[in-house]
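Structure file entry_4.csv (CSV, N, CA and C atoms) is printed below.
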```
chain,number,residue,atom,x,y,z
A,1,MET,N,92.8,-45.6,193.7
A,1,MET,CA,91.7,-46.5,193.9
A,1,MET,C,90.5,-46.0,193.1
A,2,GLU,N,89.8,-46.9,192.4
A,2,GLU,CA,88.6,-46.6,191.7
A,2,GLU,C,87.5,-46.2,192.6
A,3,GLU,N,86.5,-45.5,192.1
A,3,GLU,CA,85.4,-45.0,192.9
A,3,GLU,C,84.3,-46.1,193.0
A,4,ARG,N,83.9,-46.4,194.3
A,4,ARG,CA,82.8,-47.3,194.5
A,4,ARG,C,81.5,-46.5,194.7
A,5,THR,N,80.4,-47.1,194.3
A,5,THR,CA,79.1,-46.4,194.4
A,5,THR,C,78.1,-47.1,195.2
A,6,ASP,N,77.0,-46.5,195.5
A,6,ASP,CA,75.9,-47.1,196.3
A,6,ASP,C,75.2,-48.1,195.4
A,7,ALA,N,74.9,-49.2,196.1
A,7,ALA,CA,74.2,-50.4,195.4
A,7,ALA,C,72.8,-50.0,194.8
A,8,ASN,N,72.2,-49.0,195.4
A,8,ASN,CA,70.8,-48.6,195.0
A,8,ASN,C,70.8,-47.8,193.7
A,9,GLU,N,72.0,-47.4,193.2
A,9,GLU,CA,72.1,-46.6,192.0
A,9,GLU,C,72.2,-47.4,190.7
A,10,TRP,N,72.2,-48.7,190.8
A,10,TRP,CA,72.5,-49.5,189.6
A,10,TRP,C,71.3,-50.5,189.3
A,11,TYR,N,71.4,-51.1,188.1
A,11,TYR,CA,70.6,-52.2,187.6
A,11,TYR,C,71.4,-53.4,187.7
A,12,TYR,N,70.7,-54.6,187.8
A,12,TYR,CA,71.3,-55.9,188.0
A,12,TYR,C,70.8,-56.8,187.0
A,13,GLU,N,71.6,-57.8,186.6
A,13,GLU,CA,71.3,-58.8,185.6
A,13,GLU,C,71.4,-60.2,186.3
A,14,ARG,N,70.3,-61.0,186.2
A,14,ARG,CA,70.4,-62.3,186.8
A,14,ARG,C,71.2,-63.2,185.9
A,15,VAL,N,72.2,-63.9,186.5
A,15,VAL,CA,73.0,-64.9,185.8
A,15,VAL,C,73.2,-66.1,186.7
A,16,GLU,N,73.7,-67.1,186.1
A,16,GLU,CA,74.0,-68.3,186.9
A,16,GLU,C,75.5,-68.6,186.8
A,17,LEU,N,76.1,-68.8,188.0
A,17,LEU,CA,77.5,-69.1,188.1
A,17,LEU,C,77.7,-70.4,188.9
A,18,ASN,N,78.3,-71.4,188.2
A,18,ASN,CA,78.5,-72.7,188.8
A,18,ASN,C,77.2,-73.2,189.4
A,19,GLY,N,76.0,-73.0,188.7
A,19,GLY,CA,74.8,-73.6,189.2
A,19,GLY,C,74.0,-72.7,190.2
A,20,MET,N,74.6,-71.6,190.6
A,20,MET,CA,74.0,-70.7,191.6
A,20,MET,C,73.5,-69.4,190.9
A,21,GLU,N,72.3,-69.0,191.3
A,21,GLU,CA,71.8,-67.7,190.9
A,21,GLU,C,72.6,-66.6,191.5
A,22,VAL,N,73.1,-65.7,190.7
A,22,VAL,CA,73.7,-64.5,191.2
A,22,VAL,C,73.2,-63.3,190.4
A,23,TRP,N,73.3,-62.1,191.0
A,23,TRP,CA,72.8,-60.9,190.4
A,23,TRP,C,74.1,-60.0,190.2
A,24,GLY,N,74.3,-59.6,188.9
A,24,GLY,CA,75.5,-58.9,188.6
A,24,GLY,C,75.3,-57.5,188.1
A,25,THR,N,76.2,-56.6,188.3
A,25,THR,CA,76.2,-55.2,187.8
A,25,THR,C,77.6,-54.9,187.4
A,26,GLY,N,77.7,-53.9,186.5
A,26,GLY,CA,79.0,-53.5,186.0
A,26,GLY,C,79.6,-52.4,186.8
A,27,ALA,N,79.1,-52.2,188.0
A,27,ALA,CA,79.7,-51.1,188.9
A,27,ALA,C,80.4,-51.8,190.1
A,28,ALA,N,81.4,-51.1,190.6
A,28,ALA,CA,82.0,-51.4,191.9
A,28,ALA,C,81.2,-50.8,193.0
A,29,LEU,N,80.7,-51.6,193.8
A,29,LEU,CA,79.8,-51.2,194.9
A,29,LEU,C,80.5,-51.0,196.2
A,30,VAL,N,79.9,-50.0,197.0
A,30,VAL,CA,80.3,-49.9,198.4
A,30,VAL,C,79.6,-51.1,199.1
A,31,HIS,N,80.4,-52.0,199.6
A,31,HIS,CA,79.8,-53.2,200.2
A,31,HIS,C,78.8,-53.0,201.3
A,32,ASN,N,79.0,-52.0,202.1
A,32,ASN,CA,78.0,-51.8,203.2
A,32,ASN,C,76.7,-51.1,202.7
A,33,SER,N,76.6,-50.8,201.4
A,33,SER,CA,75.4,-50.2,200.9
A,33,SER,C,74.5,-51.4,200.3
A,34,VAL,N,75.0,-52.6,200.4
A,34,VAL,CA,74.2,-53.8,199.9
A,34,VAL,C,73.4,-54.3,201.1
A,35,PRO,N,72.1,-54.6,200.9
A,35,PRO,CA,71.3,-55.1,201.9
A,35,PRO,C,71.8,-56.4,202.6
A,36,ASP,N,71.6,-56.6,203.8
A,36,ASP,CA,72.1,-57.7,204.6
A,36,ASP,C,71.7,-59.1,204.1
A,37,MET,N,70.7,-59.1,203.2
A,37,MET,CA,70.2,-60.4,202.7
A,37,MET,C,71.2,-61.0,201.6
A,38,PHE,N,72.2,-60.1,201.2
A,38,PHE,CA,73.0,-60.6,200.1
A,38,PHE,C,74.5,-60.6,200.6
A,39,TYR,N,75.2,-61.5,199.9
A,39,TYR,CA,76.7,-61.6,200.0
A,39,TYR,C,77.1,-60.7,198.8
A,40,CYS,N,78.2,-60.0,199.0
A,40,CYS,CA,78.7,-59.1,197.9
A,40,CYS,C,80.1,-59.4,197.6
A,41,TYR,N,80.3,-59.6,196.2
A,41,TYR,CA,81.7,-60.0,195.8
A,41,TYR,C,82.1,-59.1,194.6
A,42,ASP,N,83.3,-58.6,194.6
A,42,ASP,CA,83.8,-57.8,193.5
A,42,ASP,C,84.2,-58.7,192.3
A,43,LEU,N,84.0,-58.2,191.1
A,43,LEU,CA,84.5,-58.8,189.9
A,43,LEU,C,85.7,-58.0,189.5
A,44,TYR,N,86.8,-58.7,188.9
A,44,TYR,CA,87.9,-58.0,188.4
A,44,TYR,C,88.4,-58.7,187.2
A,45,GLY,N,89.2,-58.0,186.4
A,45,GLY,CA,89.8,-58.6,185.2
A,45,GLY,C,89.7,-57.6,184.0
A,46,THR,N,89.5,-58.2,182.8
A,46,THR,CA,89.5,-57.3,181.6
A,46,THR,C,88.2,-56.5,181.5
A,47,GLY,N,87.1,-57.1,182.0
A,47,GLY,CA,85.8,-56.4,181.8
A,47,GLY,C,85.1,-56.8,180.6
A,48,ASN,N,85.7,-57.5,179.7
A,48,ASN,CA,85.1,-57.9,178.4
A,48,ASN,C,84.3,-59.2,178.7
A,49,PRO,N,83.0,-59.1,178.5
A,49,PRO,CA,82.1,-60.2,178.7
A,49,PRO,C,82.4,-61.5,178.0
A,50,GLU,N,83.1,-61.3,176.8
A,50,GLU,CA,83.5,-62.5,176.0
A,50,GLU,C,84.8,-63.1,176.5
A,51,ASP,N,85.5,-62.5,177.4
A,51,ASP,CA,86.8,-63.0,177.9
A,51,ASP,C,86.6,-63.6,179.3
A,52,CYS,N,85.8,-64.6,179.4
A,52,CYS,CA,85.5,-65.2,180.8
A,52,CYS,C,86.8,-65.7,181.4
A,53,ALA,N,87.8,-66.2,180.7
A,53,ALA,CA,89.0,-66.7,181.2
A,53,ALA,C,89.8,-65.7,182.0
A,54,HIS,N,89.6,-64.4,181.7
A,54,HIS,CA,90.4,-63.4,182.4
A,54,HIS,C,89.5,-62.4,183.2
A,55,ASN,N,88.3,-62.9,183.6
A,55,ASN,CA,87.5,-62.2,184.5
A,55,ASN,C,87.1,-63.1,185.7
A,56,PHE,N,87.1,-62.5,186.9
A,56,PHE,CA,87.0,-63.3,188.1
A,56,PHE,C,86.1,-62.7,189.2
A,57,VAL,N,85.5,-63.6,190.0
A,57,VAL,CA,84.9,-63.1,191.2
A,57,VAL,C,85.9,-63.3,192.3
A,58,SER,N,86.1,-62.2,193.1
A,58,SER,CA,87.1,-62.2,194.2
A,58,SER,C,86.5,-62.6,195.5
A,59,LYS,N,87.2,-63.4,196.2
A,59,LYS,CA,86.8,-63.8,197.6
A,59,LYS,C,86.7,-62.5,198.5
A,60,ASP,N,87.7,-61.6,198.3
A,60,ASP,CA,87.8,-60.4,199.2
A,60,ASP,C,87.7,-59.2,198.3
A,61,PRO,N,87.3,-58.1,198.9
A,61,PRO,CA,87.2,-56.8,198.1
A,61,PRO,C,88.6,-56.5,197.4
A,62,VAL,N,88.5,-56.0,196.2
A,62,VAL,CA,89.7,-55.7,195.4
A,62,VAL,C,89.9,-54.2,195.4
A,63,GLU,N,91.2,-53.8,195.3
A,63,GLU,CA,91.5,-52.4,195.3
A,63,GLU,C,91.6,-51.7,193.9
A,64,LYS,N,91.8,-52.5,192.9
A,64,LYS,CA,91.9,-52.0,191.5
A,64,LYS,C,91.4,-53.0,190.5
A,65,ASP,N,91.2,-52.5,189.3
A,65,ASP,CA,90.8,-53.4,188.2
A,65,ASP,C,89.4,-54.0,188.4
A,66,PHE,N,88.5,-53.2,189.1
A,66,PHE,CA,87.1,-53.6,189.3
A,66,PHE,C,86.5,-53.7,187.9
A,67,VAL,N,85.6,-54.6,187.7
A,67,VAL,CA,84.8,-54.6,186.5
A,67,VAL,C,83.3,-54.8,186.8
A,68,GLY,N,83.0,-54.9,188.1
A,68,GLY,CA,81.6,-55.0,188.5
A,68,GLY,C,81.5,-55.7,189.9
A,69,THR,N,80.3,-56.1,190.2
A,69,THR,CA,80.0,-56.8,191.5
A,69,THR,C,78.9,-57.8,191.2
A,70,VAL,N,79.0,-58.9,192.0
A,70,VAL,CA,77.9,-59.8,192.0
A,70,VAL,C,77.3,-60.0,193.5
A,71,LEU,N,76.0,-60.1,193.5
A,71,LEU,CA,75.3,-60.3,194.8
A,71,LEU,C,74.7,-61.7,194.8
A,72,THR,N,74.8,-62.4,195.9
A,72,THR,CA,74.3,-63.8,196.1
A,72,THR,C,73.5,-63.9,197.4
A,73,VAL,N,72.6,-64.8,197.4
A,73,VAL,CA,71.8,-65.0,198.7
A,73,VAL,C,72.6,-66.0,199.5
A,74,GLN,N,73.3,-67.0,198.9
A,74,GLN,CA,74.1,-67.9,199.6
A,74,GLN,C,75.6,-67.6,199.3
A,75,PRO,N,76.5,-67.9,200.2
A,75,PRO,CA,77.9,-67.6,200.0
A,75,PRO,C,78.4,-68.5,198.8
A,76,LEU,N,79.3,-67.9,198.0
A,76,LEU,CA,79.9,-68.6,196.9
A,76,LEU,C,81.0,-69.6,197.5
A,77,GLN,N,81.2,-70.7,196.8
A,77,GLN,CA,82.1,-71.7,197.3
A,77,GLN,C,83.4,-71.5,196.5
A,78,PHE,N,84.5,-71.0,197.2
A,78,PHE,CA,85.7,-70.7,196.5
A,78,PHE,C,86.7,-71.9,196.5
A,79,GLN,N,86.4,-73.0,197.2
A,79,GLN,CA,87.2,-74.2,197.2
A,79,GLN,C,88.7,-73.9,197.5
A,80,GLU,N,88.9,-73.1,198.6
A,80,GLU,CA,90.3,-72.8,199.0
A,80,GLU,C,91.0,-71.9,198.0
A,81,MET,N,90.3,-71.3,197.1
A,81,MET,CA,90.9,-70.4,196.1
A,81,MET,C,90.6,-68.9,196.5
A,82,GLU,N,91.2,-68.0,196.0
A,82,GLU,CA,91.0,-66.5,196.2
A,82,GLU,C,90.0,-66.0,195.2
A,83,PHE,N,89.7,-66.7,194.2
A,83,PHE,CA,88.8,-66.2,193.1
A,83,PHE,C,88.1,-67.4,192.4
A,84,ILE,N,87.0,-67.0,191.7
A,84,ILE,CA,86.3,-68.0,190.8
A,84,ILE,C,86.3,-67.4,189.4
A,85,ARG,N,86.7,-68.2,188.5
A,85,ARG,CA,86.6,-67.8,187.1
A,85,ARG,C,85.2,-67.7,186.6
A,86,LEU,N,84.9,-66.9,185.7
A,86,LEU,CA,83.6,-66.7,185.1
A,86,LEU,C,83.3,-67.6,183.9
A,87,GLU,N,84.1,-68.6,183.8
A,87,GLU,CA,83.9,-69.5,182.6
A,87,GLU,C,82.6,-70.2,182.6
A,88,SER,N,82.0,-70.5,183.7
A,88,SER,CA,80.7,-71.2,183.7
A,88,SER,C,79.5,-70.3,183.8
A,89,LEU,N,79.7,-69.1,183.5
A,89,LEU,CA,78.6,-68.1,183.6
A,89,LEU,C,77.5,-68.3,182.5
A,90,ARG,N,76.3,-68.3,182.9
A,90,ARG,CA,75.2,-68.5,182.0
A,90,ARG,C,74.3,-67.3,182.1
A,91,TYR,N,74.0,-66.6,181.0
A,91,TYR,CA,73.2,-65.4,181.0
A,91,TYR,C,71.7,-65.8,180.7
A,92,PHE,N,70.8,-64.9,181.2
A,92,PHE,CA,69.4,-65.0,180.9
A,92,PHE,C,69.1,-63.8,180.0
A,93,TYR,N,69.4,-63.9,178.7
A,93,TYR,CA,69.3,-62.7,177.9
A,93,TYR,C,67.9,-62.2,177.7
A,94,ASP,N,66.9,-63.1,177.9
A,94,ASP,CA,65.5,-62.7,177.7
A,94,ASP,C,64.9,-61.9,178.9
A,95,GLU,N,65.6,-61.9,180.0
A,95,GLU,CA,65.1,-61.2,181.2
A,95,GLU,C,65.6,-59.7,181.3
A,96,PRO,N,64.8,-58.8,181.7
A,96,PRO,CA,65.2,-57.4,181.8
A,96,PRO,C,66.1,-57.2,183.0
A,97,MET,N,66.9,-56.2,183.0
A,97,MET,CA,67.7,-55.8,184.1
A,97,MET,C,66.7,-55.3,185.2
A,98,CYS,N,67.2,-55.4,186.5
A,98,CYS,CA,66.3,-55.0,187.6
A,98,CYS,C,67.0,-54.0,188.5
A,99,THR,N,66.2,-53.2,189.2
A,99,THR,CA,66.7,-52.4,190.3
A,99,THR,C,67.0,-53.3,191.5
A,100,LEU,N,67.8,-52.7,192.4
A,100,LEU,CA,68.0,-53.5,193.6
A,100,LEU,C,66.8,-53.9,194.4
A,101,GLU,N,65.8,-53.0,194.4
A,101,GLU,CA,64.5,-53.2,195.0
A,101,GLU,C,63.8,-54.4,194.4
A,102,GLN,N,63.8,-54.4,193.0
A,102,GLN,CA,63.2,-55.5,192.3
A,102,GLN,C,63.9,-56.8,192.5
A,103,VAL,N,65.2,-56.8,192.6
A,103,VAL,CA,66.0,-58.0,192.9
A,103,VAL,C,65.6,-58.5,194.3
A,104,MET,N,65.5,-57.7,195.3
A,104,MET,CA,65.1,-58.1,196.6
A,104,MET,C,63.8,-58.7,196.6
A,105,SER,N,62.8,-58.1,195.9
A,105,SER,CA,61.5,-58.6,195.8
A,105,SER,C,61.5,-60.0,195.2
A,106,LYS,N,62.2,-60.2,194.1
A,106,LYS,CA,62.3,-61.5,193.4
A,106,LYS,C,62.9,-62.6,194.4
A,107,VAL,N,63.9,-62.2,195.1
A,107,VAL,CA,64.5,-63.1,196.0
A,107,VAL,C,63.6,-63.5,197.1
A,108,GLN,N,62.9,-62.5,197.7
A,108,GLN,CA,62.0,-62.8,198.8
A,108,GLN,C,60.8,-63.7,198.3
A,109,MET,N,60.3,-63.4,197.1
A,109,MET,CA,59.2,-64.2,196.5
A,109,MET,C,59.7,-65.7,196.3
A,110,ALA,N,60.9,-65.9,195.8
A,110,ALA,CA,61.4,-67.2,195.6
A,110,ALA,C,61.6,-67.9,197.0
A,111,GLU,N,62.1,-67.2,198.0
A,111,GLU,CA,62.2,-67.8,199.3
A,111,GLU,C,60.9,-68.2,199.9
A,112,ASN,N,59.9,-67.4,199.7
A,112,ASN,CA,58.5,-67.7,200.2
A,112,ASN,C,57.9,-68.9,199.5
A,113,GLN,N,58.2,-69.0,198.2
A,113,GLN,CA,57.7,-70.2,197.4
A,113,GLN,C,58.3,-71.4,197.9
A,114,GLN,N,59.6,-71.4,198.2
A,114,GLN,CA,60.4,-72.5,198.7
A,114,GLN,C,59.8,-72.9,200.1
A,115,LEU,N,59.5,-71.9,200.9
A,115,LEU,CA,59.0,-72.2,202.3
A,115,LEU,C,57.6,-72.8,202.2
A,116,GLN,N,56.8,-72.3,201.3
A,116,GLN,CA,55.5,-72.9,201.1
A,116,GLN,C,55.5,-74.3,200.6
A,117,ALA,N,56.4,-74.5,199.7
A,117,ALA,CA,56.6,-75.9,199.1
A,117,ALA,C,57.1,-76.8,200.3
A,118,GLY,N,58.0,-76.4,201.1
A,118,GLY,CA,58.4,-77.2,202.2
A,118,GLY,C,57.3,-77.5,203.2
A,119,CYS,N,56.5,-76.5,203.5
A,119,CYS,CA,55.3,-76.7,204.4
A,119,CYS,C,54.4,-77.7,203.8
A,120,GLN,N,54.1,-77.6,202.5
A,120,GLN,CA,53.2,-78.6,201.9
A,120,GLN,C,53.8,-80.0,201.9
A,121,MET,N,55.1,-80.1,201.7
A,121,MET,CA,55.7,-81.4,201.8
A,121,MET,C,55.6,-82.0,203.2
A,122,GLN,N,55.7,-81.2,204.2
A,122,GLN,CA,55.6,-81.7,205.6
A,122,GLN,C,54.2,-82.2,205.9
A,123,GLY,N,53.2,-81.6,205.2
A,123,GLY,CA,51.8,-81.9,205.4
A,123,GLY,C,51.4,-83.2,204.8
A,124,ILE,N,52.2,-83.8,203.9
A,124,ILE,CA,51.9,-85.0,203.2
A,124,ILE,C,52.1,-86.2,204.1
```
Starting from the coordinates I provided, produce the structure as structure tokens.
Amino acid sequence: MEERTDANEWYYERVELNGMEVWGTGAALVHNSVPDMFYCYDLYGTGNPEDCAHNFVSKDPVEKDFVGTVLTVQPLQFQEMEFIRLESLRYFYDEPMCTLEQVMSKVQMAENQQLQAGCQMQGI
């Protein structure tokens, strides 16, 4: 089995998968090192970013052929499948990679903005 590492040791890249914001890293993470605010999914396959047809998000933790991990705030929709292909992945090349602490801060800021917008809508 390949070595898993602590989530705090890595940088994360914001990407969009099937219209959902996810944060990805090229490391296989120890799932219980990921903060409770995130869902954690393993990536497996060839590991070549240009080979989306042969790289997948796994519904369950994988034992081998890890190529990374994605974190999400909402659960991914697997549609009765065991994996999701990365064919619809959209990168944000102009954004810098972030530490886990920075990702948490960005997610919390976005949630606060949504909450404030909802409160303003209720006041109308």
message: So that I can check the surroundings of Tyr44 (chain A), please list as a ChimeraX atom specification every protein, DNA and RNA residue that reaches within 12 Å of it, counting only C-alpha atoms and ignoring chain neighbours fewer than 5 positions away.
response: /A:2,26-28,49,51-70,82-86
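Atom N of Tyr93 (chain A) sits 14.4 Å away from CA of Glu50 (chain A).
Using only N, CA and C atoms for every distance, the candidate list A:Pro96, A:Arg4, A:Leu71, A:Asn18 yields A:Leu71 as the residue closest to Tyr41 (chain A).
The spacing separating CA of Asn32 (chain A) from CA of Val73 (chain A) amounts to 15.3 Å.
Once all atoms listed in the file are considered, the residues situated within 5 Å of the file point (66.8, -55.0, 187.1) turn out to be Tyr11, Tyr12, Pro96, Met97, Cys98 and Thr99 of chain A.
Among the candidate residues A:Thr72, A:Met81, A:Glu3, A:Leu115, the one lying nearest to Cys40 (chain A) is A:Thr72, with distances computed using all atoms listed in the file.
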query: Can you tell me how far atom N of Tyr39 (chain A) sits from CA of Phe92 (chain A), in Å to one decimal?
result: 20.2 Å
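Compared by their closest atoms to Leu89 (chain A), and using only N, CA and C atoms, the residues A:Val15, A:Val103, A:Met109, A:Ala7 rank with A:Val15 nearest.
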task: Go through chain A and collect every residue that DSSP, computed from the backbone, puts in helix (DSSP H, G or I); the answer should be as an MDAnalysis selection string.
output: chainID A and resid 7:9 31:33 52:54 100:122
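Within 8 Å of Tyr91 (chain A), once all atoms listed in the file are used and residues closer than 2 positions along the same chain are dropped, the contacting residues are Glu13, Arg14, Val15, Glu16, Leu17, Ser88, Leu89, Tyr93, Asp94 and Glu95 of chain A.
Remark: for Leu76 (chain A), the closest of the candidate residues A:Glu9, A:Asp36, A:Leu100, A:Asp42 is A:Asp42 (distances computed over only C-alpha atoms).
Shortest separation to Val22 (chain A) among A:Gln79, A:Thr5, A:Gln74, A:Asn48 occurs at residue A:Gln74, atoms counted being only C-alpha atoms.
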message: I need the residues in chain A that are strand (DSSP E) according to DSSP; give them as a PyMOL selection string.
response: chain A and resi 11-17+20-25+39-45+55-58+66-72+83-85+89-91+98-99
